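Enquirer: This is the structure, below, for whatever I ask next.
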Amino acid sequence: MDGVHDIGGRQGFGPIAVDETVEPFHAPWEGRMYGIARGIRQPPGWNIDWWRHGRELIDPHDYLSRPYYDQRMQT
Amino acid sequence: MPTYDSDRVGRIHRELHSHLPSDSALRVKALESLLVEKGLLDPRTVDAWIEAYSERIGPKRGAEIVAHAWVDPSFRARLLNDGTEAVKEMSFGDNATPHLKVVENTPAVHNVVVCTLCSCYPTQVLGIPPNWYKSAEYRARIVRDPRGVLAEFGVSLGADTEVRVWDSTAELRYLVLPERPRGTAGWDEARLARVVTRNSMIGTDRDLSPKAREVA
């Protein structure tokens, strides 16, 4: 919980891409990944804490460089 | 004697590769095939989720809630008191939302929402969060320098306007109730809903007056 994944307030980040268009998915694979994450059969005993743990196991380099839905796939 | 033009070869190389799907797209395809093969996923479920969040569920719902609150003071009071319960009155059909807290902008207060840990968001009323909301830049900076970040979004606040930053969790999501813009007296709900932007319900937009839109 003290790794790079807890990012609030960390310094050194550049400008935000504010001019994004409003559609929900910006490429077909983003939609597929979202659907997979929502639609997959979950193992017994699975919960949000396991999910968070998985997310925090992502390598810091990947966490800061791969696109959001790509990270979600790693999780 | 053959000549080697590295610029030309580079151009051809990039052109050929531009027709390949991205690494991310290929990984997702591989993952989906594997899950389907192992019987852990039905591809129709994936289609259904995409359809739901492309067609039915999106920021239009949030805009309807805001417009309803602007014209109906008793709904507004219920919404601010218990967002989760009040939204059920809108009969969107699916109410599987975690707890929803609605925070109200006033001339003296501006609210803005983030999920510093990841991407929690009131998806049932706003749909899929924008990519900037999920970006490291926004999550890191909005809590340290909210005024600076809001300026990047074109929101300038007076020094006497208080800024409240709400950090979402898996259990509690936030929706900003923007101020009803001037010059909209007598407008019906449908017309009002059309001036409510998605960003105004996250807090990265503030002045919804038709005049401010023209300038922007």
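Within each chain, counting starts at residue 1; across the structure tokens, chains are named A, B, ... in the order shown, with ligands numbered 1 upward in that order.
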Residues near Phe25 in chain A, anyone? I mean within 10 Å using only C-alpha atoms, not counting same-chain ones fewer than 3 positions away, as number ranges by chain.

Expert: A: 21-22, 28-32, 34, 69; B: 50, 53-54, 128-131

Enquirer: Take the residues just selected and output them with C-alpha atoms as a short mmCIF file (atom, residue, chain, number, x, y, z; two decimals), in the first residue's frame.

Expert:
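The new file out-v8.cif reads:
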```cif
data_model
loop_
_atom_site.label_atom_id
_atom_site.label_comp_id
_atom_site.auth_asym_id
_atom_site.auth_seq_id
_atom_site.Cartn_x
_atom_site.Cartn_y
_atom_site.Cartn_z
CA THR A 21 -13.62 13.03 -26.77
CA VAL A 22 -16.56 11.80 -24.69
CA PRO A 28 -12.65 -1.65 -29.75
CA TRP A 29 -10.16 -3.52 -27.54
CA GLU A 30 -10.93 -1.18 -24.62
CA GLY A 31 -14.58 -2.20 -24.79
CA ARG A 32 -13.68 -5.90 -25.07
CA TYR A 34 -14.13 -3.84 -20.01
CA TYR A 69 -7.39 -1.03 -19.88
CA ILE B 50 -20.24 -3.07 -24.15
CA TYR B 53 -22.28 1.18 -21.49
CA SER B 54 -22.31 2.40 -25.08
CA ILE B 128 -17.49 4.87 -18.25
CA PRO B 129 -15.02 7.34 -16.73
CA PRO B 130 -12.91 9.34 -19.16
CA ASN B 131 -9.31 8.21 -19.64
#
```

Enquirer: Specify as a ChimeraX atom specification all residues of chain A found within 7 Å of chain B, counting only C-alpha atoms.

Expert: /A:5-11,13-18,24,29,31-33,35-36,39-41,64,68,70

Enquirer: Emit the selected residues as a PDB file, in the first residue's frame, including N, CA and C atoms.

Expert:
```pdb
ATOM      1  N   HIS A   5       1.625   2.478  -6.626  1.00  0.00           N
ATOM      2  CA  HIS A   5       0.214   2.333  -6.995  1.00  0.00           C
ATOM      3  C   HIS A   5      -0.695   3.293  -6.242  1.00  0.00           C
ATOM      4  N   ASP A   6      -0.222   3.762  -5.071  1.00  0.00           N
ATOM      5  CA  ASP A   6      -0.986   4.742  -4.297  1.00  0.00           C
ATOM      6  C   ASP A   6      -0.448   6.110  -4.701  1.00  0.00           C
ATOM      7  N   ILE A   7      -1.081   6.684  -5.700  1.00  0.00           N
ATOM      8  CA  ILE A   7      -0.424   7.738  -6.461  1.00  0.00           C
ATOM      9  C   ILE A   7      -0.842   9.158  -6.056  1.00  0.00           C
ATOM     10  N   GLY A   8      -1.913   9.259  -5.242  1.00  0.00           N
ATOM     11  CA  GLY A   8      -2.456  10.576  -4.906  1.00  0.00           C
ATOM     12  C   GLY A   8      -1.407  11.493  -4.287  1.00  0.00           C
ATOM     13  N   GLY A   9      -1.230  12.670  -4.867  1.00  0.00           N
ATOM     14  CA  GLY A   9      -0.327  13.655  -4.290  1.00  0.00           C
ATOM     15  C   GLY A   9       1.122  13.532  -4.722  1.00  0.00           C
ATOM     16  N   ARG A  10       1.460  12.450  -5.437  1.00  0.00           N
ATOM     17  CA  ARG A  10       2.850  12.319  -5.878  1.00  0.00           C
ATOM     18  C   ARG A  10       3.183  13.400  -6.898  1.00  0.00           C
ATOM     19  N   GLN A  11       4.430  13.840  -6.858  1.00  0.00           N
ATOM     20  CA  GLN A  11       4.810  14.970  -7.703  1.00  0.00           C
ATOM     21  C   GLN A  11       5.568  14.519  -8.943  1.00  0.00           C
ATOM     22  N   PHE A  13       4.345  14.790 -12.204  1.00  0.00           N
ATOM     23  CA  PHE A  13       3.539  14.442 -13.380  1.00  0.00           C
ATOM     24  C   PHE A  13       3.228  15.670 -14.232  1.00  0.00           C
ATOM     25  N   GLY A  14       3.097  15.453 -15.515  1.00  0.00           N
ATOM     26  CA  GLY A  14       2.879  16.537 -16.462  1.00  0.00           C
ATOM     27  C   GLY A  14       1.411  16.860 -16.656  1.00  0.00           C
ATOM     28  N   PRO A  15       1.127  17.587 -17.737  1.00  0.00           N
ATOM     29  CA  PRO A  15      -0.242  18.027 -17.983  1.00  0.00           C
ATOM     30  C   PRO A  15      -1.210  16.873 -18.243  1.00  0.00           C
ATOM     31  N   ILE A  16      -2.500  17.160 -18.045  1.00  0.00           N
ATOM     32  CA  ILE A  16      -3.555  16.176 -18.234  1.00  0.00           C
ATOM     33  C   ILE A  16      -4.129  16.346 -19.641  1.00  0.00           C
ATOM     34  N   ALA A  17      -4.429  15.242 -20.292  1.00  0.00           N
ATOM     35  CA  ALA A  17      -5.005  15.300 -21.646  1.00  0.00           C
ATOM     36  C   ALA A  17      -6.477  15.678 -21.531  1.00  0.00           C
ATOM     37  N   VAL A  18      -6.750  16.978 -21.467  1.00  0.00           N
ATOM     38  CA  VAL A  18      -8.110  17.433 -21.170  1.00  0.00           C
ATOM     39  C   VAL A  18      -9.028  17.428 -22.389  1.00  0.00           C
ATOM     40  N   PRO A  24     -17.449   6.380 -24.679  1.00  0.00           N
ATOM     41  CA  PRO A  24     -17.007   5.556 -23.548  1.00  0.00           C
ATOM     42  C   PRO A  24     -15.720   4.777 -23.822  1.00  0.00           C
ATOM     43  N   TRP A  29     -10.743  -2.630 -28.567  1.00  0.00           N
ATOM     44  CA  TRP A  29     -10.161  -3.520 -27.537  1.00  0.00           C
ATOM     45  C   TRP A  29     -10.448  -3.007 -26.128  1.00  0.00           C
ATOM     46  N   GLY A  31     -13.247  -1.676 -25.095  1.00  0.00           N
ATOM     47  CA  GLY A  31     -14.577  -2.197 -24.792  1.00  0.00           C
ATOM     48  C   GLY A  31     -14.544  -3.685 -24.485  1.00  0.00           C
ATOM     49  N   ARG A  32     -13.779  -4.453 -25.306  1.00  0.00           N
ATOM     50  CA  ARG A  32     -13.680  -5.904 -25.067  1.00  0.00           C
ATOM     51  C   ARG A  32     -13.120  -6.154 -23.667  1.00  0.00           C
ATOM     52  N   MET A  33     -12.071  -5.382 -23.309  1.00  0.00           N
ATOM     53  CA  MET A  33     -11.440  -5.608 -22.000  1.00  0.00           C
ATOM     54  C   MET A  33     -12.412  -5.280 -20.875  1.00  0.00           C
ATOM     55  N   GLY A  35     -15.656  -5.440 -20.992  1.00  0.00           N
ATOM     56  CA  GLY A  35     -16.649  -6.515 -20.978  1.00  0.00           C
ATOM     57  C   GLY A  35     -16.105  -7.792 -20.352  1.00  0.00           C
ATOM     58  N   ILE A  36     -14.834  -8.099 -20.636  1.00  0.00           N
ATOM     59  CA  ILE A  36     -14.224  -9.295 -20.044  1.00  0.00           C
ATOM     60  C   ILE A  36     -14.160  -9.135 -18.525  1.00  0.00           C
ATOM     61  N   GLY A  39     -17.600  -9.463 -17.171  1.00  0.00           N
ATOM     62  CA  GLY A  39     -18.357 -10.665 -17.503  1.00  0.00           C
ATOM     63  C   GLY A  39     -17.724 -11.978 -17.064  1.00  0.00           C
ATOM     64  N   ILE A  40     -16.474 -11.932 -16.618  1.00  0.00           N
ATOM     65  CA  ILE A  40     -15.766 -13.174 -16.305  1.00  0.00           C
ATOM     66  C   ILE A  40     -16.340 -13.836 -15.050  1.00  0.00           C
ATOM     67  N   ARG A  41     -16.339 -15.163 -15.075  1.00  0.00           N
ATOM     68  CA  ARG A  41     -16.800 -15.892 -13.894  1.00  0.00           C
ATOM     69  C   ARG A  41     -15.719 -15.794 -12.823  1.00  0.00           C
ATOM     70  N   LEU A  64       2.921   2.724 -14.662  1.00  0.00           N
ATOM     71  CA  LEU A  64       2.968   4.130 -15.076  1.00  0.00           C
ATOM     72  C   LEU A  64       2.992   4.298 -16.588  1.00  0.00           C
ATOM     73  N   TYR A  68      -4.702   2.347 -19.400  1.00  0.00           N
ATOM     74  CA  TYR A  68      -5.563   1.893 -18.314  1.00  0.00           C
ATOM     75  C   TYR A  68      -6.136   0.496 -18.527  1.00  0.00           C
ATOM     76  N   ASP A  70      -5.165  -1.771 -20.436  1.00  0.00           N
ATOM     77  CA  ASP A  70      -4.097  -2.746 -20.520  1.00  0.00           C
ATOM     78  C   ASP A  70      -3.685  -3.166 -19.102  1.00  0.00           C
TER      79      ASP A  70
END
```

Enquirer: Identify, with DSSP run on backbone atoms, the residues in range 46-214 of chain B assigned to strand (DSSP E or B), and express the list as a list in words.

Expert: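 So the strand (DSSP E or B) residues in range 46-214 of chain B would be His99, Leu100, Lys101, Val102, Val103, Glu104, Thr106, Val109, His110, Asn111, Val112, Val113, Val114, Glu162, Val163, Arg164, Val165, Trp166, Asp167, Leu172, Arg173, Tyr174, Leu175, Val176 and Leu177 of chain B.
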
Enquirer: Store the residues picked out above, limited to N, CA and C atoms, as an mmCIF file, in the first residue's frame.

Expert:
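Final file, again_35.cif:
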```
data_model
loop_
_atom_site.group_PDB
_atom_site.id
_atom_site.type_symbol
_atom_site.label_atom_id
_atom_site.label_comp_id
_atom_site.auth_asym_id
_atom_site.auth_seq_id
_atom_site.Cartn_x
_atom_site.Cartn_y
_atom_site.Cartn_z
ATOM 1 N N HIS B 99 -22.859 3.093 -2.653
ATOM 2 C CA HIS B 99 -23.382 4.318 -2.068
ATOM 3 C C HIS B 99 -22.946 5.529 -2.878
ATOM 4 N N LEU B 100 -23.902 6.404 -3.106
ATOM 5 C CA LEU B 100 -23.641 7.599 -3.900
ATOM 6 C C LEU B 100 -23.835 8.826 -3.024
ATOM 7 N N LYS B 101 -22.813 9.664 -2.975
ATOM 8 C CA LYS B 101 -22.931 10.911 -2.224
ATOM 9 C C LYS B 101 -22.913 12.045 -3.234
ATOM 10 N N VAL B 102 -23.939 12.911 -3.140
ATOM 11 C CA VAL B 102 -24.021 14.037 -4.060
ATOM 12 C C VAL B 102 -23.530 15.284 -3.332
ATOM 13 N N VAL B 103 -22.575 15.977 -3.925
ATOM 14 C CA VAL B 103 -22.000 17.173 -3.305
ATOM 15 C C VAL B 103 -22.341 18.382 -4.169
ATOM 16 N N GLU B 104 -22.740 19.452 -3.504
ATOM 17 C CA GLU B 104 -23.354 20.580 -4.194
ATOM 18 C C GLU B 104 -22.394 21.762 -4.358
ATOM 19 N N THR B 106 -21.725 25.701 -4.849
ATOM 20 C CA THR B 106 -22.387 26.965 -4.532
ATOM 21 C C THR B 106 -21.428 28.068 -4.970
ATOM 22 N N VAL B 109 -18.378 27.457 -2.903
ATOM 23 C CA VAL B 109 -17.735 26.140 -2.818
ATOM 24 C C VAL B 109 -17.699 25.468 -4.187
ATOM 25 N N HIS B 110 -16.549 24.915 -4.528
ATOM 26 C CA HIS B 110 -16.464 24.084 -5.731
ATOM 27 C C HIS B 110 -15.999 22.689 -5.333
ATOM 28 N N ASN B 111 -16.701 21.667 -5.835
ATOM 29 C CA ASN B 111 -16.363 20.277 -5.543
ATOM 30 C C ASN B 111 -15.741 19.607 -6.762
ATOM 31 N N VAL B 112 -14.768 18.755 -6.517
ATOM 32 C CA VAL B 112 -14.179 17.985 -7.611
ATOM 33 C C VAL B 112 -13.863 16.581 -7.098
ATOM 34 N N VAL B 113 -14.047 15.584 -7.989
ATOM 35 C CA VAL B 113 -13.977 14.180 -7.592
ATOM 36 C C VAL B 113 -12.774 13.508 -8.248
ATOM 37 N N VAL B 114 -12.161 12.589 -7.520
ATOM 38 C CA VAL B 114 -11.029 11.816 -8.038
ATOM 39 C C VAL B 114 -11.121 10.421 -7.438
ATOM 40 N N GLU B 162 -13.899 28.182 -2.024
ATOM 41 C CA GLU B 162 -13.291 27.017 -1.394
ATOM 42 C C GLU B 162 -13.347 25.830 -2.358
ATOM 43 N N VAL B 163 -12.282 25.019 -2.407
ATOM 44 C CA VAL B 163 -12.278 23.813 -3.242
ATOM 45 C C VAL B 163 -12.302 22.589 -2.341
ATOM 46 N N ARG B 164 -13.225 21.687 -2.615
ATOM 47 C CA ARG B 164 -13.269 20.420 -1.875
ATOM 48 C C ARG B 164 -12.997 19.284 -2.850
ATOM 49 N N VAL B 165 -11.991 18.487 -2.549
ATOM 50 C CA VAL B 165 -11.631 17.346 -3.390
ATOM 51 C C VAL B 165 -12.095 16.082 -2.692
ATOM 52 N N TRP B 166 -12.885 15.272 -3.398
ATOM 53 C CA TRP B 166 -13.456 14.044 -2.827
ATOM 54 C C TRP B 166 -12.761 12.841 -3.444
ATOM 55 N N ASP B 167 -12.169 12.003 -2.596
ATOM 56 C CA ASP B 167 -11.452 10.827 -3.083
ATOM 57 C C ASP B 167 -12.364 9.604 -2.957
ATOM 58 N N LEU B 172 -17.972 4.021 -1.865
ATOM 59 C CA LEU B 172 -18.632 5.324 -1.908
ATOM 60 C C LEU B 172 -18.177 6.134 -3.121
ATOM 61 N N ARG B 173 -19.164 6.518 -3.936
ATOM 62 C CA ARG B 173 -18.868 7.287 -5.147
ATOM 63 C C ARG B 173 -19.500 8.670 -5.024
ATOM 64 N N TYR B 174 -18.979 9.618 -5.769
ATOM 65 C CA TYR B 174 -19.452 10.994 -5.659
ATOM 66 C C TYR B 174 -19.976 11.529 -6.988
ATOM 67 N N LEU B 175 -20.996 12.379 -6.877
ATOM 68 C CA LEU B 175 -21.532 13.083 -8.042
ATOM 69 C C LEU B 175 -21.623 14.559 -7.656
ATOM 70 N N VAL B 176 -21.071 15.427 -8.489
ATOM 71 C CA VAL B 176 -21.150 16.862 -8.211
ATOM 72 C C VAL B 176 -22.470 17.395 -8.774
ATOM 73 N N LEU B 177 -23.178 18.149 -7.943
ATOM 74 C CA LEU B 177 -24.384 18.850 -8.409
ATOM 75 C C LEU B 177 -23.961 20.278 -8.755
#
```

Enquirer: Measure the distance from CA of Arg191 in chain B to CA of Glu89 in chain B in Å and round it to one decimal.

Expert: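 That distance, rounded to one decimal, is 19.9 Å.
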
Enquirer: Taking into account only C-alpha atoms, which residue in the set B:Pro178, B:Gly83, B:Gly203, B:Gly183 is nearest to Ala151 in chain B?

Expert: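 Going through B:Pro178, B:Gly83, B:Gly203, B:Gly183 one by one, the smallest distance to Ala151 in chain B is for B:Gly203.
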
Enquirer: Need the shell around His68 in chain B: protein/DNA/RNA residues with any atom at most 8 Å away, counting only C-alpha atoms. Skip same-chain ones fewer than 5 positions apart. Format as a ChimeraX atom specification?

Expert: /B:75-76,189

Enquirer: Would you put the residues from that selection into a file with N, CA and C atoms, as an mmCIF file, in the first residue's frame?

Expert:
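To be explicit, this is the file written out as out32.cif:
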```
data_model
loop_
_atom_site.group_PDB
_atom_site.id
_atom_site.type_symbol
_atom_site.label_atom_id
_atom_site.label_comp_id
_atom_site.auth_asym_id
_atom_site.auth_seq_id
_atom_site.Cartn_x
_atom_site.Cartn_y
_atom_site.Cartn_z
ATOM 1 N N PHE B 75 -36.802 17.094 -4.273
ATOM 2 C CA PHE B 75 -35.909 16.040 -4.785
ATOM 3 C C PHE B 75 -34.456 16.406 -4.503
ATOM 4 N N ARG B 76 -34.138 17.676 -4.701
ATOM 5 C CA ARG B 76 -32.771 18.152 -4.457
ATOM 6 C C ARG B 76 -32.370 17.866 -2.998
ATOM 7 N N GLU B 189 -37.097 20.489 -17.866
ATOM 8 C CA GLU B 189 -36.010 19.585 -17.453
ATOM 9 C C GLU B 189 -35.179 19.077 -18.626
#
```
